[in-house]
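Participant: See start20.cif below, with mmCIF, C-alpha atoms.
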```
data_entry
#
loop_
_atom_site.group_PDB
_atom_site.id
_atom_site.type_symbol
_atom_site.label_atom_id
_atom_site.label_comp_id
_atom_site.auth_asym_id
_atom_site.auth_seq_id
_atom_site.Cartn_x
_atom_site.Cartn_y
_atom_site.Cartn_z
ATOM 1 C CA MET G 1 23.844 4.377 -13.377
ATOM 2 C CA SER G 2 24.856 5.457 -9.879
ATOM 3 C CA ASP G 3 25.478 3.024 -7.044
ATOM 4 C CA ALA G 4 23.724 5.374 -4.604
ATOM 5 C CA GLN G 5 20.932 3.643 -2.696
ATOM 6 C CA ILE G 6 17.516 5.028 -3.540
ATOM 7 C CA ASN G 7 14.941 4.927 -0.779
ATOM 8 C CA LEU G 8 11.337 4.530 -1.850
ATOM 9 C CA THR G 9 9.868 4.334 1.678
ATOM 10 C CA ASN G 10 6.685 6.451 1.936
ATOM 11 C CA GLN G 11 6.432 6.689 -1.857
ATOM 12 C CA PHE G 12 3.874 5.487 -4.343
ATOM 13 C CA LEU G 13 5.108 3.074 -6.979
ATOM 14 C CA ILE G 14 2.962 3.472 -10.067
ATOM 15 C CA ALA G 15 2.989 0.651 -12.616
ATOM 16 C CA MET G 16 3.879 1.748 -16.118
ATOM 17 C CA PRO G 17 1.637 0.725 -19.022
ATOM 18 C CA GLY G 18 2.618 -2.553 -20.569
ATOM 19 C CA ALA G 19 3.428 -4.258 -17.265
ATOM 20 C CA THR G 20 3.795 -7.903 -18.258
ATOM 21 C CA ASP G 21 2.627 -9.133 -14.861
ATOM 22 C CA ASN G 22 -1.171 -8.872 -14.528
ATOM 23 C CA THR G 23 -0.766 -8.660 -10.755
ATOM 24 C CA PHE G 24 0.658 -5.170 -11.102
ATOM 25 C CA ALA G 25 -1.124 -3.869 -14.228
ATOM 26 C CA GLY G 26 -2.575 -0.458 -13.328
ATOM 27 C CA ALA G 27 -1.261 -0.794 -9.774
ATOM 28 C CA VAL G 28 -0.415 1.814 -7.190
ATOM 29 C CA VAL G 29 1.756 0.414 -4.399
ATOM 30 C CA TYR G 30 2.353 2.275 -1.142
ATOM 31 C CA MET G 31 5.931 1.535 -0.079
ATOM 32 C CA CYS G 32 6.133 0.707 3.633
ATOM 33 C CA GLU G 33 9.833 -0.145 3.674
ATOM 34 C CA HIS G 34 12.773 -0.048 1.267
ATOM 35 C CA THR G 35 16.293 -0.966 2.324
ATOM 36 C CA ASN G 36 19.359 -2.499 0.680
ATOM 37 C CA LYS G 37 17.897 -5.901 1.695
ATOM 38 C CA GLY G 38 14.669 -5.433 -0.264
ATOM 39 C CA ALA G 39 11.298 -3.695 -0.249
ATOM 40 C CA LEU G 40 7.770 -4.173 1.074
ATOM 41 C CA GLY G 41 4.655 -2.398 -0.143
ATOM 42 C CA LEU G 42 0.874 -2.696 -0.254
ATOM 43 C CA LEU G 43 -1.304 -2.328 -3.334
ATOM 44 C CA ILE G 44 -3.877 0.374 -2.563
ATOM 45 C CA ASN G 45 -6.120 0.120 -5.616
ATOM 46 C CA LYS G 46 -7.023 -3.559 -6.039
ATOM 47 C CA PRO G 47 -10.102 -4.305 -3.893
ATOM 48 C CA ILE G 48 -11.149 -7.923 -3.556
ATOM 49 C CA ASP G 49 -14.623 -9.345 -3.052
ATOM 50 C CA ILE G 50 -14.500 -9.238 0.765
ATOM 51 C CA LYS G 51 -15.867 -6.458 2.974
ATOM 52 C CA LEU G 52 -14.284 -5.586 6.326
ATOM 53 C CA LYS G 53 -17.369 -6.803 8.214
ATOM 54 C CA SER G 54 -16.926 -10.286 6.656
ATOM 55 C CA LEU G 55 -13.196 -10.299 7.392
ATOM 56 C CA PHE G 56 -13.877 -9.468 11.034
ATOM 57 C CA GLU G 57 -16.418 -12.291 11.246
ATOM 58 C CA LYS G 58 -13.820 -14.724 9.847
ATOM 59 C CA VAL G 59 -11.460 -13.848 12.707
ATOM 60 C CA GLU G 60 -14.340 -14.038 15.214
ATOM 61 C CA LEU G 61 -14.594 -10.328 15.917
ATOM 62 C CA SER G 62 -17.542 -7.999 15.525
ATOM 63 C CA LEU G 63 -17.113 -4.635 13.833
ATOM 64 C CA SER G 64 -19.027 -1.915 15.600
ATOM 65 C CA ARG G 65 -17.674 0.837 13.331
ATOM 66 C CA GLU G 66 -20.424 1.257 10.720
ATOM 67 C CA ASP G 67 -18.182 3.636 8.753
ATOM 68 C CA LEU G 68 -15.856 0.686 8.047
ATOM 69 C CA ALA G 69 -18.285 -2.252 7.705
ATOM 70 C CA ASN G 70 -18.712 -2.018 3.919
ATOM 71 C CA SER G 71 -15.148 -0.964 3.145
ATOM 72 C CA PRO G 72 -13.379 -3.412 0.868
ATOM 73 C CA VAL G 73 -10.409 -5.526 1.768
ATOM 74 C CA TYR G 74 -7.606 -5.084 -0.769
ATOM 75 C CA PHE G 75 -5.226 -7.442 -2.522
ATOM 76 C CA GLY G 76 -1.966 -6.136 -1.065
ATOM 77 C CA GLY G 77 0.262 -8.260 -3.251
ATOM 78 C CA PRO G 78 1.155 -11.844 -4.073
ATOM 79 C CA VAL G 79 3.160 -12.629 -0.904
ATOM 80 C CA GLN G 80 1.460 -14.163 2.186
ATOM 81 C CA THR G 81 -2.043 -13.674 0.772
ATOM 82 C CA GLU G 82 -3.594 -15.437 3.774
ATOM 83 C CA ARG G 83 -2.192 -12.800 6.149
ATOM 84 C CA GLY G 84 -3.729 -9.416 6.925
ATOM 85 C CA PHE G 85 -1.913 -6.097 6.808
ATOM 86 C CA VAL G 86 -3.463 -2.904 8.174
ATOM 87 C CA LEU G 87 -2.171 0.424 6.876
ATOM 88 C CA HIS G 88 -3.322 3.198 9.193
ATOM 89 C CA GLU G 89 -2.585 6.644 10.485
ATOM 90 C CA ARG G 90 -0.266 6.912 13.479
ATOM 91 C CA GLN G 91 -2.251 7.172 16.686
ATOM 92 C CA GLY G 92 0.162 8.920 18.975
ATOM 93 C CA GLU G 93 3.546 10.544 19.119
ATOM 94 C CA ASP G 94 5.067 7.638 21.011
ATOM 95 C CA SER G 95 5.357 4.021 19.980
ATOM 96 C CA SER G 96 2.358 2.237 18.521
ATOM 97 C CA PRO G 97 -0.140 0.624 20.899
ATOM 98 C CA TYR G 98 -0.086 -2.510 18.705
ATOM 99 C CA SER G 99 2.367 -5.348 19.101
ATOM 100 C CA SER G 100 3.553 -5.811 15.518
ATOM 101 C CA THR G 101 3.748 -2.422 13.855
ATOM 102 C CA LEU G 102 6.142 -0.837 11.403
ATOM 103 C CA ALA G 103 6.282 2.952 11.743
ATOM 104 C CA ILE G 104 6.809 4.374 8.253
ATOM 105 C CA PRO G 105 9.249 7.293 8.357
ATOM 106 C CA GLY G 106 7.995 10.582 6.968
ATOM 107 C CA GLY G 107 4.423 9.576 6.311
ATOM 108 C CA GLY G 108 2.593 9.666 9.622
ATOM 109 C CA LEU G 109 1.466 6.134 8.787
ATOM 110 C CA GLU G 110 2.000 2.693 10.275
ATOM 111 C CA MET G 111 1.525 -0.849 9.022
ATOM 112 C CA THR G 112 0.330 -3.383 11.581
ATOM 113 C CA THR G 113 0.130 -7.143 11.178
ATOM 114 C CA SER G 114 -1.051 -8.156 14.645
ATOM 115 C CA LYS G 115 -4.663 -8.925 15.537
ATOM 116 C CA ASP G 116 -4.695 -6.315 18.332
ATOM 117 C CA VAL G 117 -5.375 -3.500 15.824
ATOM 118 C CA LEU G 118 -8.475 -5.405 14.642
ATOM 119 C CA GLU G 119 -9.522 -5.921 18.264
ATOM 120 C CA ALA G 120 -9.222 -2.158 18.868
ATOM 121 C CA LEU G 121 -11.318 -1.453 15.771
ATOM 122 C CA SER G 122 -13.830 -4.079 16.903
ATOM 123 C CA SER G 123 -14.404 -2.186 20.128
ATOM 124 C CA GLY G 124 -14.964 1.097 18.281
ATOM 125 C CA ALA G 125 -11.483 2.418 19.024
ATOM 126 C CA GLY G 126 -8.359 2.135 16.908
ATOM 127 C CA PRO G 127 -7.210 4.312 14.039
ATOM 128 C CA LYS G 128 -9.835 6.361 12.199
ATOM 129 C CA LYS G 129 -8.413 5.838 8.710
ATOM 130 C CA ILE G 130 -7.370 2.349 7.650
ATOM 131 C CA LEU G 131 -6.745 0.229 4.576
ATOM 132 C CA VAL G 132 -6.724 -3.542 5.108
ATOM 133 C CA THR G 133 -5.005 -5.889 2.667
ATOM 134 C CA LEU G 134 -4.515 -9.592 2.352
ATOM 135 C CA GLY G 135 -0.944 -10.168 1.242
ATOM 136 C CA TYR G 136 1.837 -7.762 0.409
ATOM 137 C CA SER G 137 4.180 -6.913 -2.433
ATOM 138 C CA GLY G 138 7.807 -7.797 -1.799
ATOM 139 C CA TRP G 139 11.086 -7.453 -3.652
ATOM 140 C CA GLY G 140 14.469 -8.974 -2.866
ATOM 141 C CA ALA G 141 17.699 -6.986 -2.696
ATOM 142 C CA GLY G 142 18.143 -5.007 -5.919
ATOM 143 C CA GLN G 143 15.016 -6.465 -7.568
ATOM 144 C CA LEU G 144 12.891 -3.308 -7.389
ATOM 145 C CA GLU G 145 15.771 -1.113 -8.536
ATOM 146 C CA ASP G 146 16.178 -3.420 -11.540
ATOM 147 C CA GLU G 147 12.461 -3.222 -12.372
ATOM 148 C CA MET G 148 12.607 0.568 -12.167
ATOM 149 C CA SER G 149 15.659 0.733 -14.444
ATOM 150 C CA ARG G 150 13.663 -1.261 -17.023
ATOM 151 C CA ASN G 151 10.827 1.310 -16.934
ATOM 152 C CA GLY G 152 8.469 -0.918 -14.916
ATOM 153 C CA TRP G 153 7.580 1.696 -12.317
ATOM 154 C CA ILE G 154 7.639 5.396 -11.648
ATOM 155 C CA ASN G 155 7.554 6.805 -8.156
ATOM 156 C CA VAL G 156 6.293 9.869 -6.347
ATOM 157 C CA GLY G 157 6.049 10.932 -2.707
ATOM 158 C CA ALA G 158 2.957 9.389 -1.121
ATOM 159 C CA VAL G 159 -0.003 11.469 -0.001
ATOM 160 C CA PRO G 160 -2.322 9.845 2.593
ATOM 161 C CA GLU G 161 -5.396 11.439 0.967
ATOM 162 C CA VAL G 162 -4.891 9.259 -2.114
ATOM 163 C CA ILE G 163 -4.907 6.146 0.109
ATOM 164 C CA PHE G 164 -7.763 7.001 2.445
ATOM 165 C CA ASP G 165 -9.938 9.676 0.820
ATOM 166 C CA THR G 166 -9.807 9.004 -2.931
ATOM 167 C CA PRO G 167 -12.273 6.579 -4.530
ATOM 168 C CA VAL G 168 -10.415 3.412 -5.504
ATOM 169 C CA GLU G 169 -11.072 3.798 -9.222
ATOM 170 C CA GLN G 170 -9.356 7.229 -9.165
ATOM 171 C CA ARG G 171 -6.212 6.315 -7.195
ATOM 172 C CA TYR G 172 -4.039 5.469 -10.217
ATOM 173 C CA GLU G 173 -4.841 8.774 -11.936
ATOM 174 C CA ARG G 174 -4.494 10.762 -8.684
ATOM 175 C CA ALA G 175 -1.079 9.221 -7.985
ATOM 176 C CA LEU G 176 0.044 10.095 -11.528
ATOM 177 C CA ALA G 177 -1.349 13.610 -11.103
ATOM 178 C CA LEU G 178 1.104 14.129 -8.228
ATOM 179 C CA LEU G 179 3.761 14.014 -10.964
ATOM 180 C CA GLY G 180 1.731 16.218 -13.311
ATOM 181 C CA ILE G 181 1.096 13.250 -15.600
ATOM 182 C CA THR G 182 -2.116 11.916 -17.102
ATOM 183 C CA PRO G 183 -2.332 8.227 -18.080
ATOM 184 C CA HIS G 184 -2.553 8.880 -21.835
ATOM 185 C CA LEU G 185 0.856 10.615 -21.729
ATOM 186 C CA LEU G 186 2.641 7.472 -20.513
ATOM 187 C CA SER G 187 4.596 5.317 -22.888
ATOM 188 C CA GLN G 188 5.675 1.765 -22.254
ATOM 189 C CA GLU G 189 8.900 2.421 -24.128
ATOM 190 C CA ALA G 190 11.913 3.172 -21.944
ATOM 191 C CA GLY G 191 14.174 6.020 -22.911
ATOM 192 C CA HIS G 192 17.817 5.127 -22.396
ATOM 193 C CA ALA G 193 20.748 7.325 -23.354
#
```
Please re-express this file's structure in structure tokens.
Facilitator:
Amino acid sequence: MSDAQINLTNQFLIAMPGATDNTFAGAVVYMCEHTNKGALGLLINKPIDIKLKSLFEKVELSLSREDLANSPVYFGGPVQTERGFVLHERQGEDSSPYSSTLAIPGGGLEMTTSKDVLEALSSGAGPKKILVTLGYSGWGAGQLEDEMSRNGWINVGAVPEVIFDTPVEQRYERALALLGITPHLLSQEAGHA
């Protein structure tokens, strides 16, 4: 195996069948950041039993955007599950208008953790396309690379339409389709030379 650093930023991680961790069984993770220090991603296909309107009420904001009111909040991963993460399209060519935002290279997307993005949405402004999660998925240095070498994940370049425009129950299959794969073709057995 090569020592070259792989970069999975702006990629989908797709859980392979037979994942021993129920958290990630059938998961599609959008990778926000991947460096030699570790990785951070958000699950995009695990809605929880909270709608955006309820989440806004919990943080004492109203949500005037009817198009978002009944959208689900997602389980983003097992780390910091009490904290919100907003994945959204970039709003301008310059720096983000929000105080705590990670611009994701190559994807035209940003991930914001500060309340100001919710305040913008509350007023009817803010990004048009969003996905809100509680928690995130994180890996320490070398951990994700190890999981991939053991056939835990496959990856493919991310497509925003899968995140924002595809019904949640179709996101796993749509992400696999980007590789030309259907779920029944996957094996949980790793092939090692």
Participant: Run the PyMOL selection byres ((chain G and resi 174) around 12) on the file and write out the hits as an mmCIF file with C-alpha atoms, keeping the file's coordinate frame.
Facilitator:
```
data_model
loop_
_atom_site.group_PDB
_atom_site.id
_atom_site.type_symbol
_atom_site.label_atom_id
_atom_site.label_comp_id
_atom_site.auth_asym_id
_atom_site.auth_seq_id
_atom_site.Cartn_x
_atom_site.Cartn_y
_atom_site.Cartn_z
ATOM 1 C CA PHE G 12 3.874 5.487 -4.343
ATOM 2 C CA ILE G 14 2.962 3.472 -10.067
ATOM 3 C CA VAL G 28 -0.415 1.814 -7.190
ATOM 4 C CA ASN G 45 -6.120 0.120 -5.616
ATOM 5 C CA VAL G 156 6.293 9.869 -6.347
ATOM 6 C CA ALA G 158 2.957 9.389 -1.121
ATOM 7 C CA VAL G 159 -0.003 11.469 -0.001
ATOM 8 C CA PRO G 160 -2.322 9.845 2.593
ATOM 9 C CA GLU G 161 -5.396 11.439 0.967
ATOM 10 C CA VAL G 162 -4.891 9.259 -2.114
ATOM 11 C CA ILE G 163 -4.907 6.146 0.109
ATOM 12 C CA ASP G 165 -9.938 9.676 0.820
ATOM 13 C CA THR G 166 -9.807 9.004 -2.931
ATOM 14 C CA PRO G 167 -12.273 6.579 -4.530
ATOM 15 C CA VAL G 168 -10.415 3.412 -5.504
ATOM 16 C CA GLU G 169 -11.072 3.798 -9.222
ATOM 17 C CA GLN G 170 -9.356 7.229 -9.165
ATOM 18 C CA ARG G 171 -6.212 6.315 -7.195
ATOM 19 C CA TYR G 172 -4.039 5.469 -10.217
ATOM 20 C CA GLU G 173 -4.841 8.774 -11.936
ATOM 21 C CA ALA G 175 -1.079 9.221 -7.985
ATOM 22 C CA LEU G 176 0.044 10.095 -11.528
ATOM 23 C CA ALA G 177 -1.349 13.610 -11.103
ATOM 24 C CA LEU G 178 1.104 14.129 -8.228
ATOM 25 C CA LEU G 179 3.761 14.014 -10.964
ATOM 26 C CA GLY G 180 1.731 16.218 -13.311
ATOM 27 C CA ILE G 181 1.096 13.250 -15.600
ATOM 28 C CA THR G 182 -2.116 11.916 -17.102
ATOM 29 C CA PRO G 183 -2.332 8.227 -18.080
#
```
Participant: Any idea what the distance is between atom CA of G:Thr112 and atom CA of G:Gly157?
Facilitator: 21.0 Å
Participant: May I ask for the distance between atom CA of G:Gln5 and atom CA of G:Met111, given in Å to one decimal place?
Facilitator: 23.1 Å
Participant: Measure the distance from atom CA of G:Leu144 to atom CA of G:His88 in Å and round it to one decimal.
Facilitator: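 Computing the Euclidean distance for atom CA of G:Leu144 and atom CA of G:His88 yields 24.1 Å.
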Participant: I'd like the residues picked by the PyMOL selection byres ((chain G and resi 83-87) around 10) written out as JSON, numbers by chain, using the chain letters and numbers from the file.
Facilitator: {"G": [30, 32, 42, 44, 55, 73, 74, 75, 76, 79, 80, 81, 82, 88, 89, 90, 101, 102, 104, 109, 110, 111, 112, 113, 114, 115, 117, 118, 127, 129, 130, 131, 132, 133, 134, 135, 136, 163, 164]}
Participant: Please enumerate the residues selected by the PyMOL selection byres ((chain G and resi 23) around 12) when evaluated against the supplied file, formatted as a CSV table (one decimal) with C-alpha atoms, keeping the file's coordinate frame.
Facilitator:
```csv
chain,number,residue,atom,x,y,z
G,15,ALA,CA,3.0,0.7,-12.6
G,19,ALA,CA,3.4,-4.3,-17.3
G,20,THR,CA,3.8,-7.9,-18.3
G,21,ASP,CA,2.6,-9.1,-14.9
G,22,ASN,CA,-1.2,-8.9,-14.5
G,24,PHE,CA,0.7,-5.2,-11.1
G,25,ALA,CA,-1.1,-3.9,-14.2
G,26,GLY,CA,-2.6,-0.5,-13.3
G,27,ALA,CA,-1.3,-0.8,-9.8
G,28,VAL,CA,-0.4,1.8,-7.2
G,29,VAL,CA,1.8,0.4,-4.4
G,43,LEU,CA,-1.3,-2.3,-3.3
G,45,ASN,CA,-6.1,0.1,-5.6
G,46,LYS,CA,-7.0,-3.6,-6.0
G,75,PHE,CA,-5.2,-7.4,-2.5
G,76,GLY,CA,-2.0,-6.1,-1.1
G,77,GLY,CA,0.3,-8.3,-3.3
G,78,PRO,CA,1.2,-11.8,-4.1
G,79,VAL,CA,3.2,-12.6,-0.9
G,136,TYR,CA,1.8,-7.8,0.4
G,137,SER,CA,4.2,-6.9,-2.4
```
Participant: From the set G:Leu13, G:Leu40, G:Ile48, G:Ile154, which residue has the shortest atom-to-atom contact distance to G:Ala141, counting only C-alpha atoms?
Facilitator: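 Using only C-alpha atoms, G:Ala141 sits closest to G:Leu40.
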Participant: Which residues are close to G:Trp139, i.e. within 6 Å by all atoms listed in the file, leaving aside same-chain residues fewer than 4 positions away? Reply as a list in words.
Facilitator: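 Result of the neighbour search: Gly38, Ala39, Gln143 and Leu144 of chain G.
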